[in-house]
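Printed here is model-v1.csv (CSV, C-alpha atoms):
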```csv
chain,number,residue,atom,x,y,z
A,1472,MET,CA,5.8,-23.9,5.0
A,1473,SER,CA,3.3,-26.0,3.2
A,1474,ASN,CA,2.2,-29.1,5.1
A,1475,PRO,CA,2.6,-32.1,2.8
A,1476,SER,CA,-0.5,-33.8,4.3
A,1477,GLU,CA,-2.6,-30.8,3.5
A,1478,PRO,CA,-3.0,-29.1,0.1
A,1479,SER,CA,-1.6,-25.7,0.0
A,1480,ARG,CA,-4.4,-23.2,0.9
A,1481,HIS,CA,-4.5,-20.2,-1.4
A,1482,VAL,CA,-4.4,-16.9,0.3
A,1483,THR,CA,-6.0,-14.0,-1.4
A,1484,ALA,CA,-4.5,-10.6,-0.5
A,1485,VAL,CA,-6.2,-7.4,-1.4
A,1486,LYS,CA,-4.9,-3.9,-1.2
A,1487,PHE,CA,-6.5,-0.6,-0.3
A,1488,VAL,CA,-4.8,2.8,-0.5
A,1489,VAL,CA,-5.2,5.6,2.0
A,1490,ALA,CA,-4.3,8.9,0.5
A,1491,GLY,CA,-4.4,12.6,1.4
A,1492,GLY,CA,-2.2,15.5,2.3
A,1493,PHE,CA,0.5,15.6,5.0
A,1494,GLY,CA,-0.8,15.3,8.5
A,1495,VAL,CA,-4.4,14.5,7.6
A,1496,GLY,CA,-4.3,11.2,9.5
A,1497,LYS,CA,-3.4,8.5,7.0
A,1498,THR,CA,-1.2,6.5,9.3
A,1499,THR,CA,-3.7,7.0,12.1
A,1500,PHE,CA,-6.4,5.6,9.8
A,1501,VAL,CA,-4.2,2.6,8.9
A,1502,GLY,CA,-3.5,2.0,12.6
A,1503,ALA,CA,-7.2,2.2,13.5
A,1504,ILE,CA,-8.1,-0.6,11.1
A,1505,SER,CA,-4.9,-2.7,11.3
A,1506,GLU,CA,-4.7,-5.7,13.6
A,1507,ILE,CA,-0.9,-5.2,13.9
A,1508,GLU,CA,1.1,-2.1,14.8
A,1509,PRO,CA,1.4,-0.4,11.4
A,1510,LEU,CA,4.6,-1.5,9.6
A,1511,ARG,CA,6.9,0.8,7.7
A,1512,THR,CA,8.7,0.0,4.5
A,1513,GLU,CA,11.2,2.2,2.6
A,1514,ALA,CA,10.5,2.7,-1.0
A,1515,ALA,CA,13.8,3.7,-2.6
A,1516,MET,CA,13.9,6.6,-5.0
A,1517,THR,CA,15.7,5.4,-8.0
A,1518,ASP,CA,14.8,8.4,-10.1
A,1519,VAL,CA,16.3,11.8,-9.7
A,1520,ALA,CA,14.6,13.8,-7.1
A,1521,THR,CA,13.9,17.2,-8.4
A,1522,GLY,CA,12.5,20.3,-6.9
A,1523,VAL,CA,12.4,21.4,-3.4
A,1524,ASP,CA,11.6,19.5,-0.2
A,1525,ASP,CA,8.7,21.2,1.4
A,1526,ALA,CA,9.7,20.1,4.9
A,1527,SER,CA,13.2,21.6,4.8
A,1528,ALA,CA,12.8,24.1,2.0
A,1529,VAL,CA,16.2,23.1,0.6
A,1530,ALA,CA,16.9,21.6,-2.8
A,1531,THR,CA,17.4,17.9,-2.5
A,1532,LYS,CA,19.6,15.7,-4.7
A,1533,THR,CA,20.1,12.8,-2.4
A,1534,SER,CA,16.7,12.3,-0.6
A,1535,THR,CA,16.5,8.7,-1.5
A,1536,THR,CA,13.7,7.0,0.3
A,1537,VAL,CA,10.2,7.6,1.2
A,1538,ALA,CA,8.6,5.8,4.1
A,1539,MET,CA,5.3,4.0,3.6
A,1540,ASP,CA,3.2,2.8,6.5
A,1541,PHE,CA,0.8,-0.1,6.1
A,1542,GLY,CA,-1.4,-2.3,8.1
A,1543,ARG,CA,-3.1,-5.7,7.9
A,1544,LEU,CA,-6.6,-7.0,8.6
A,1545,THR,CA,-7.0,-10.8,8.4
A,1546,VAL,CA,-10.5,-11.7,7.3
A,1547,ASP,CA,-10.0,-15.5,7.5
A,1548,ARG,CA,-7.4,-18.0,6.6
A,1549,ARG,CA,-7.9,-17.4,2.9
A,1550,LEU,CA,-8.3,-13.7,2.8
A,1551,VAL,CA,-6.2,-10.8,4.0
A,1552,MET,CA,-6.7,-7.1,3.6
A,1553,TYR,CA,-3.8,-4.6,3.4
A,1554,LEU,CA,-4.0,-0.9,3.9
A,1555,PHE,CA,-1.2,1.3,2.6
A,1556,GLY,CA,-0.8,4.9,3.4
A,1557,ALA,CA,0.2,6.8,0.3
A,1558,PRO,CA,3.1,9.2,0.5
A,1559,GLY,CA,1.5,12.5,0.0
A,1560,GLN,CA,4.2,14.7,-1.4
A,1561,GLU,CA,3.9,15.6,-5.0
A,1562,ARG,CA,7.3,14.6,-6.0
A,1563,PHE,CA,6.6,11.0,-4.9
A,1564,THR,CA,3.6,10.6,-7.1
A,1565,PHE,CA,5.7,8.7,-9.6
A,1566,MET,CA,5.7,5.8,-7.3
A,1567,TRP,CA,1.9,5.8,-7.1
A,1568,ASP,CA,1.7,3.4,-10.0
A,1569,ASP,CA,3.3,0.7,-8.0
A,1570,LEU,CA,1.1,1.6,-5.0
A,1571,VAL,CA,-2.1,1.7,-6.9
A,1572,THR,CA,-1.7,-1.2,-9.3
A,1573,GLY,CA,-3.8,-4.0,-8.0
A,1574,ALA,CA,-5.6,-1.9,-5.4
A,1575,LEU,CA,-9.3,-2.6,-5.0
A,1576,GLY,CA,-10.1,0.8,-3.8
A,1577,ALA,CA,-8.9,3.9,-2.0
A,1578,VAL,CA,-9.8,6.3,0.8
A,1579,VAL,CA,-8.9,9.9,0.3
A,1580,LEU,CA,-8.7,11.9,3.5
A,1581,VAL,CA,-9.4,15.6,3.1
A,1582,ASP,CA,-8.2,18.3,5.4
A,1583,THR,CA,-10.8,21.1,5.2
A,1584,ARG,CA,-8.0,23.6,5.9
A,1585,ARG,CA,-6.1,22.5,2.9
A,1586,PHE,CA,-8.5,21.1,0.2
A,1587,ASP,CA,-5.9,21.4,-2.5
A,1588,GLU,CA,-3.7,18.7,-1.0
A,1589,CYS,CA,-6.1,16.0,-2.0
A,1590,PHE,CA,-6.6,17.2,-5.6
A,1591,ASN,CA,-3.8,15.0,-7.0
A,1592,ALA,CA,-5.1,11.9,-5.3
A,1593,VAL,CA,-8.7,12.5,-6.5
A,1594,ASP,CA,-7.5,13.1,-10.1
A,1595,TYR,CA,-5.4,10.1,-10.0
A,1596,PHE,CA,-8.1,7.7,-8.8
A,1597,GLU,CA,-10.6,9.1,-11.2
A,1598,ARG,CA,-8.2,8.6,-14.1
A,1599,ARG,CA,-7.3,5.1,-13.1
A,1600,ARG,CA,-11.0,4.3,-12.4
A,1601,ILE,CA,-10.1,3.1,-8.9
A,1602,PRO,CA,-13.2,3.2,-6.6
A,1603,PHE,CA,-12.7,5.7,-3.8
A,1604,VAL,CA,-14.5,7.4,-1.0
A,1605,ILE,CA,-13.8,10.8,0.6
A,1606,GLY,CA,-13.3,11.0,4.4
A,1607,VAL,CA,-13.5,14.6,5.5
A,1608,ASN,CA,-11.4,15.4,8.6
A,1609,GLN,CA,-13.1,18.4,10.2
A,1610,PHE,CA,-10.3,20.0,12.1
A,1611,ALA,CA,-11.2,21.8,15.3
A,1612,GLY,CA,-11.0,25.5,14.9
A,1613,GLY,CA,-11.6,25.3,11.2
A,1614,ARG,CA,-14.8,26.1,9.4
A,1615,HIS,CA,-17.2,23.2,9.4
A,1616,TYR,CA,-18.0,22.0,5.9
A,1617,ARG,CA,-21.1,20.0,5.0
A,1618,THR,CA,-20.2,16.9,3.0
A,1619,ALA,CA,-22.3,18.4,0.1
A,1620,ASP,CA,-20.0,21.4,0.1
A,1621,VAL,CA,-17.0,19.1,0.0
A,1622,ARG,CA,-18.4,17.3,-2.9
A,1623,ASP,CA,-19.0,20.5,-4.8
A,1624,ALA,CA,-15.5,21.9,-3.9
A,1625,LEU,CA,-13.9,18.7,-5.3
A,1626,GLY,CA,-16.2,18.4,-8.3
A,1627,LEU,CA,-17.0,14.9,-7.4
A,1628,ALA,CA,-19.6,12.6,-9.1
A,1629,GLU,CA,-22.7,11.8,-7.2
A,1630,THR,CA,-21.5,8.2,-7.0
A,1631,VAL,CA,-18.5,9.1,-4.9
A,1632,PRO,CA,-19.4,8.7,-1.2
A,1633,VAL,CA,-18.4,11.6,1.0
A,1634,LEU,CA,-18.5,11.2,4.8
A,1635,ASP,CA,-16.9,12.8,7.8
A,1636,CYS,CA,-13.9,11.0,9.2
A,1637,ASP,CA,-12.1,11.5,12.5
A,1638,ALA,CA,-9.1,9.3,12.0
A,1639,ARG,CA,-8.5,9.2,15.8
A,1640,LEU,CA,-11.8,7.2,16.2
A,1641,ARG,CA,-11.7,3.6,15.2
A,1642,SER,CA,-15.5,3.6,14.6
A,1643,SER,CA,-15.1,6.5,12.2
A,1644,CYS,CA,-12.4,4.8,10.2
A,1645,ARG,CA,-14.4,1.6,10.2
A,1646,ASP,CA,-17.4,3.4,8.7
A,1647,VAL,CA,-15.3,5.0,5.9
A,1648,LEU,CA,-13.8,1.6,5.0
A,1649,LEU,CA,-17.2,0.0,5.1
A,1650,GLU,CA,-18.5,2.7,2.7
A,1651,LEU,CA,-15.7,1.9,0.3
A,1652,LEU,CA,-16.3,-1.9,0.5
A,1653,GLN,CA,-20.0,-1.3,-0.2
A,1654,LEU,CA,-19.2,0.9,-3.1
A,1655,ILE,CA,-16.9,-1.8,-4.6
A,1656,LEU,CA,-19.6,-4.3,-4.0
A,1657,ARG,CA,-22.2,-2.1,-5.8
A,1658,ILE,CA,-19.8,-1.7,-8.8
A,1659,LYS,CA,-19.1,-5.4,-8.9
A,1660,THR,CA,-22.7,-6.5,-8.8
A,1661,ALA,CA,-23.8,-3.8,-11.2
A,1662,GLY,CA,-21.1,-4.8,-13.7
B,805,MET,CA,22.1,11.9,-8.6
B,806,ASP,CA,23.2,11.8,-12.2
B,807,ASP,CA,26.7,12.7,-11.3
B,808,PRO,CA,28.8,9.6,-10.9
B,809,ALA,CA,31.3,11.5,-8.7
B,810,VAL,CA,28.6,11.7,-6.1
B,811,TRP,CA,28.4,8.0,-6.0
B,812,SER,CA,32.1,7.3,-6.1
B,813,GLN,CA,32.6,9.3,-3.0
B,814,GLY,CA,30.5,6.8,-1.1
B,815,SER,CA,28.5,9.5,0.6
B,816,GLU,CA,25.3,7.5,0.4
B,817,PRO,CA,26.3,3.9,1.1
B,818,ASP,CA,22.9,2.9,2.3
B,819,VAL,CA,21.5,3.9,-1.1
B,820,VAL,CA,24.0,2.3,-3.3
B,821,ARG,CA,24.2,-1.0,-1.5
B,822,PRO,CA,20.7,-2.2,-1.9
B,823,PHE,CA,21.1,-2.1,-5.7
B,824,VAL,CA,24.4,-3.8,-5.5
B,825,MET,CA,22.4,-6.7,-4.0
B,826,THR,CA,20.2,-6.7,-7.0
B,827,GLY,CA,23.0,-6.6,-9.5
B,828,GLY,CA,22.1,-3.0,-10.4
B,829,ARG,CA,18.5,-3.8,-11.2
B,830,THR,CA,16.0,-1.2,-10.0
B,831,ARG,CA,12.9,-3.0,-11.3
B,832,SER,CA,11.8,-6.5,-11.0
B,833,SER,CA,11.5,-8.5,-14.2
B,834,ARG,CA,8.3,-9.9,-12.8
B,835,ALA,CA,5.4,-7.6,-13.0
B,836,ASP,CA,3.2,-10.1,-11.1
B,837,VAL,CA,5.0,-9.4,-7.8
B,838,ARG,CA,3.3,-6.5,-6.1
B,839,MET,CA,3.7,-5.2,-2.5
B,840,GLU,CA,0.6,-7.0,-1.3
B,841,THR,CA,1.5,-10.3,-3.1
B,842,MET,CA,1.6,-13.2,-0.7
B,843,VAL,CA,4.6,-15.5,-0.8
B,844,GLU,CA,5.5,-18.7,1.0
B,845,LEU,CA,8.4,-21.1,1.3
B,846,ALA,CA,8.1,-23.8,-1.3
B,847,TYR,CA,7.6,-27.2,0.1
B,848,GLU,CA,10.5,-28.5,-1.8
B,849,ALA,CA,12.7,-25.5,-1.8
B,850,GLY,CA,15.4,-25.6,-4.5
B,851,THR,CA,18.7,-23.9,-4.3
B,852,ARG,CA,19.6,-22.4,-1.0
B,853,PRO,CA,19.9,-18.6,-1.3
B,854,SER,CA,23.5,-17.4,-1.3
B,855,LEU,CA,23.0,-13.7,-0.5
B,856,PRO,CA,22.5,-12.8,3.2
B,857,GLU,CA,19.6,-10.6,2.2
B,858,GLN,CA,17.9,-13.5,0.5
B,859,ALA,CA,18.5,-15.7,3.6
B,860,ALA,CA,16.9,-12.9,5.6
B,861,ILE,CA,13.9,-13.0,3.3
B,862,VAL,CA,13.6,-16.8,3.6
B,863,GLU,CA,13.8,-16.3,7.4
B,864,ALA,CA,10.9,-13.8,7.3
B,865,CYS,CA,8.8,-16.4,5.4
B,866,GLN,CA,9.2,-19.1,8.0
B,867,GLY,CA,5.9,-18.3,9.7
B,868,GLY,CA,3.7,-19.0,6.6
B,869,PRO,CA,2.3,-16.9,3.8
B,870,ILE,CA,3.4,-13.3,4.1
B,871,SER,CA,3.2,-10.2,1.9
B,872,VAL,CA,6.1,-8.7,0.0
B,873,ALA,CA,5.6,-5.5,2.0
B,874,GLU,CA,5.7,-7.3,5.3
B,875,VAL,CA,8.9,-9.1,4.3
B,876,SER,CA,10.4,-5.7,3.4
B,877,ALA,CA,9.4,-4.3,6.8
B,878,HIS,CA,10.7,-7.2,8.7
B,879,THR,CA,14.0,-7.4,6.9
B,880,ALA,CA,14.4,-3.6,6.7
B,881,LEU,CA,15.2,-4.0,3.0
B,882,PRO,CA,13.8,-1.3,0.7
B,883,LEU,CA,10.6,-2.4,-1.0
B,884,GLY,CA,12.0,-2.3,-4.5
B,885,VAL,CA,15.0,-4.5,-3.5
B,886,THR,CA,12.7,-6.9,-1.6
B,887,THR,CA,10.5,-7.2,-4.7
B,888,ILE,CA,13.5,-7.9,-7.0
B,889,LEU,CA,15.0,-10.5,-4.6
B,890,ILE,CA,11.7,-12.2,-4.0
B,891,GLY,CA,11.3,-12.4,-7.8
B,892,ASP,CA,14.6,-14.2,-7.9
B,893,LEU,CA,13.6,-16.6,-5.1
B,894,LEU,CA,10.4,-17.4,-7.0
B,895,ASP,CA,12.4,-18.0,-10.2
B,896,THR,CA,14.7,-20.4,-8.4
B,897,GLY,CA,11.8,-22.2,-6.7
B,898,VAL,CA,12.7,-21.2,-3.1
B,899,LEU,CA,9.4,-19.3,-2.7
B,900,GLU,CA,6.0,-19.8,-4.2
B,901,MET,CA,3.4,-17.1,-4.6
B,902,HIS,CA,-0.3,-16.9,-4.1
B,903,LEU,CA,-1.6,-15.1,-7.2
B,904,THR,CA,-4.5,-12.7,-6.6
B,905,ASP,CA,-6.3,-11.1,-9.6
B,906,PRO,CA,-7.7,-7.9,-8.2
B,907,THR,CA,-10.1,-7.6,-11.1
B,908,ASP,CA,-11.6,-11.0,-10.2
B,909,ILE,CA,-12.5,-10.7,-6.6
B,910,GLU,CA,-15.6,-12.7,-5.8
B,911,VAL,CA,-18.7,-11.1,-4.3
B,912,SER,CA,-18.4,-13.6,-1.4
B,913,ALA,CA,-14.9,-12.2,-0.6
B,914,LEU,CA,-16.3,-8.7,-0.5
B,915,THR,CA,-19.1,-9.7,1.8
B,916,ARG,CA,-16.6,-11.5,4.1
B,917,MET,CA,-14.5,-8.3,4.2
B,918,ILE,CA,-17.6,-6.2,5.0
B,919,GLU,CA,-18.5,-8.5,7.9
B,920,ARG,CA,-14.9,-8.4,9.2
B,921,VAL,CA,-14.8,-4.6,9.1
B,922,LYS,CA,-18.2,-4.3,10.7
B,923,SER,CA,-16.8,-6.4,13.6
B,924,LEU,CA,-14.1,-3.8,14.4
```
Please go through the file and, once you have read it, give me the structure as structure tokens.
Amino acid sequence: MSNPSEPSRHVTAVKFVVAGGFGVGKTTFVGAISEIEPLRTEAAMTDVATGVDDASAVATKTSTTVAMDFGRLTVDRRLVMYLFGAPGQERFTFMWDDLVTGALGAVVLVDTRRFDECFNAVDYFERRRIPFVIGVNQFAGGRHYRTADVRDALGLAETVPVLDCDARLRSSCRDVLLELLQLILRIKTAG
Amino acid sequence: MDDPAVWSQGSEPDVVRPFVMTGGRTRSSRADVRMETMVELAYEAGTRPSLPEQAAIVEACQGGPISVAEVSAHTALPLGVTTILIGDLLDTGVLEMHLTDPTDIEVSALTRMIERVKSL
């Protein structure tokens, strides 16, 4: 509660989105950066769910919520960063507008065994002109891709940073987020 | 989901109930309340909230500025419902919000974020 002897201090909250296919490490990424155990919120589906649920391969009519994990990083008493893991399934993309509105930038995690799973996210951020970076998760046992190959495969502009990311390593997540912040700073100071 | 019979059977009470709390609204009338928006108890709070869900939201705000998403997580209310109810609490002066314009983030804020992330 506001202290009457002290003028209310404005707190700026900024949002970042972590996107990518199922199992690519979005929640792990959020947890690596977050100062708190990632929290979960349920976003209710108020629209009709159509199609088939990939997980259970049954038609769903009453699948009504999608869980969204997020974390927080306090910069100082006036500035807080939030990282939201984007639900990856295609039929949840309608709620991406709520997720992405107001976001400063995004991290797209790419699973080199399933490139196609990040196409939607890349398209979406390009269309909405949200600054984003690509974190390539090189899964053991899979073919190793150079970041230049990933850039080509995704048809990315030269301005989109692409770097390797092992979401299990905090330092790796930190470097990807730093790259995003520096990209946003470059855009800001160029504009 | 279009079929009213599905609802009247009460097979999904957890789904129906949240939107009863909001008087059937599924969207907030306030576009300025986003999931990362920080809210705080107003110093001179007006009307006391009548709904238990609103009281739970007020409780979650006792510790100082907190985001809508965190309120949702702490109260276990769905995000959409939380957003709508927080909008009502802002309208009635129980809560105040800290507006952030994401298109107007200062360079100094970005450099502070960069330093913070570097320290991880």
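Going from atom CA of Arg1598 of chain A over to atom CA of Val1633 of chain A, you cover 18.5 Å.
Using only C-alpha atoms, the smallest distance between any of A:Asp1587, A:Glu1513, A:Asp1646, A:Asp1540 and chain B comes from A:Glu1513.
Residues in contact with Ala873 of chain B at 8 Å, where all atoms listed in the file are counted and same-chain residues fewer than 2 positions away are skipped, are listed as Thr1512 of chain A; Met839, Glu840, Ser871, Val875, Ser876, Ala877 and Leu883 of chain B.
Shell of Ile861 of chain B at 9 Å, with all atoms listed in the file counted and residues fewer than 2 places along the chain excluded, is Pro856, Glu857, Gln858, Ala859, Glu863, Ala864, Cys865, Val875, Ser876, His878, Thr879, Thr886, Leu889 and Ile890 of chain B.
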Problem set entry | Between atom CA of Leu1575 of chain A and atom CA of Lys1486 of chain A - distance in Å to one decimal | 6.0 Å
Exercise. What is the atom CA of Val911 of chain B-atom CA of Gly1556 of chain A distance in Å, reported with one decimal?
Worked result: 25.2 Å
For this session: Compute the set of chain B residues within 8 Å of chain A, using all atoms listed in the file, and express it as a ChimeraX atom specification.
Result: /B:805-806,816,819,830,838-842,844-847,866-869,873-874,876-877,880-884,902-907,911,913-918,920-922,924
For this session: Find the spatial neighbours of segment 1616-1623 of chain A, counting all atoms listed in the file, within a cut-off of 12 Å - ignore same-chain residues fewer than 2 positions away - and output them as a count of residues only.
Result: 34
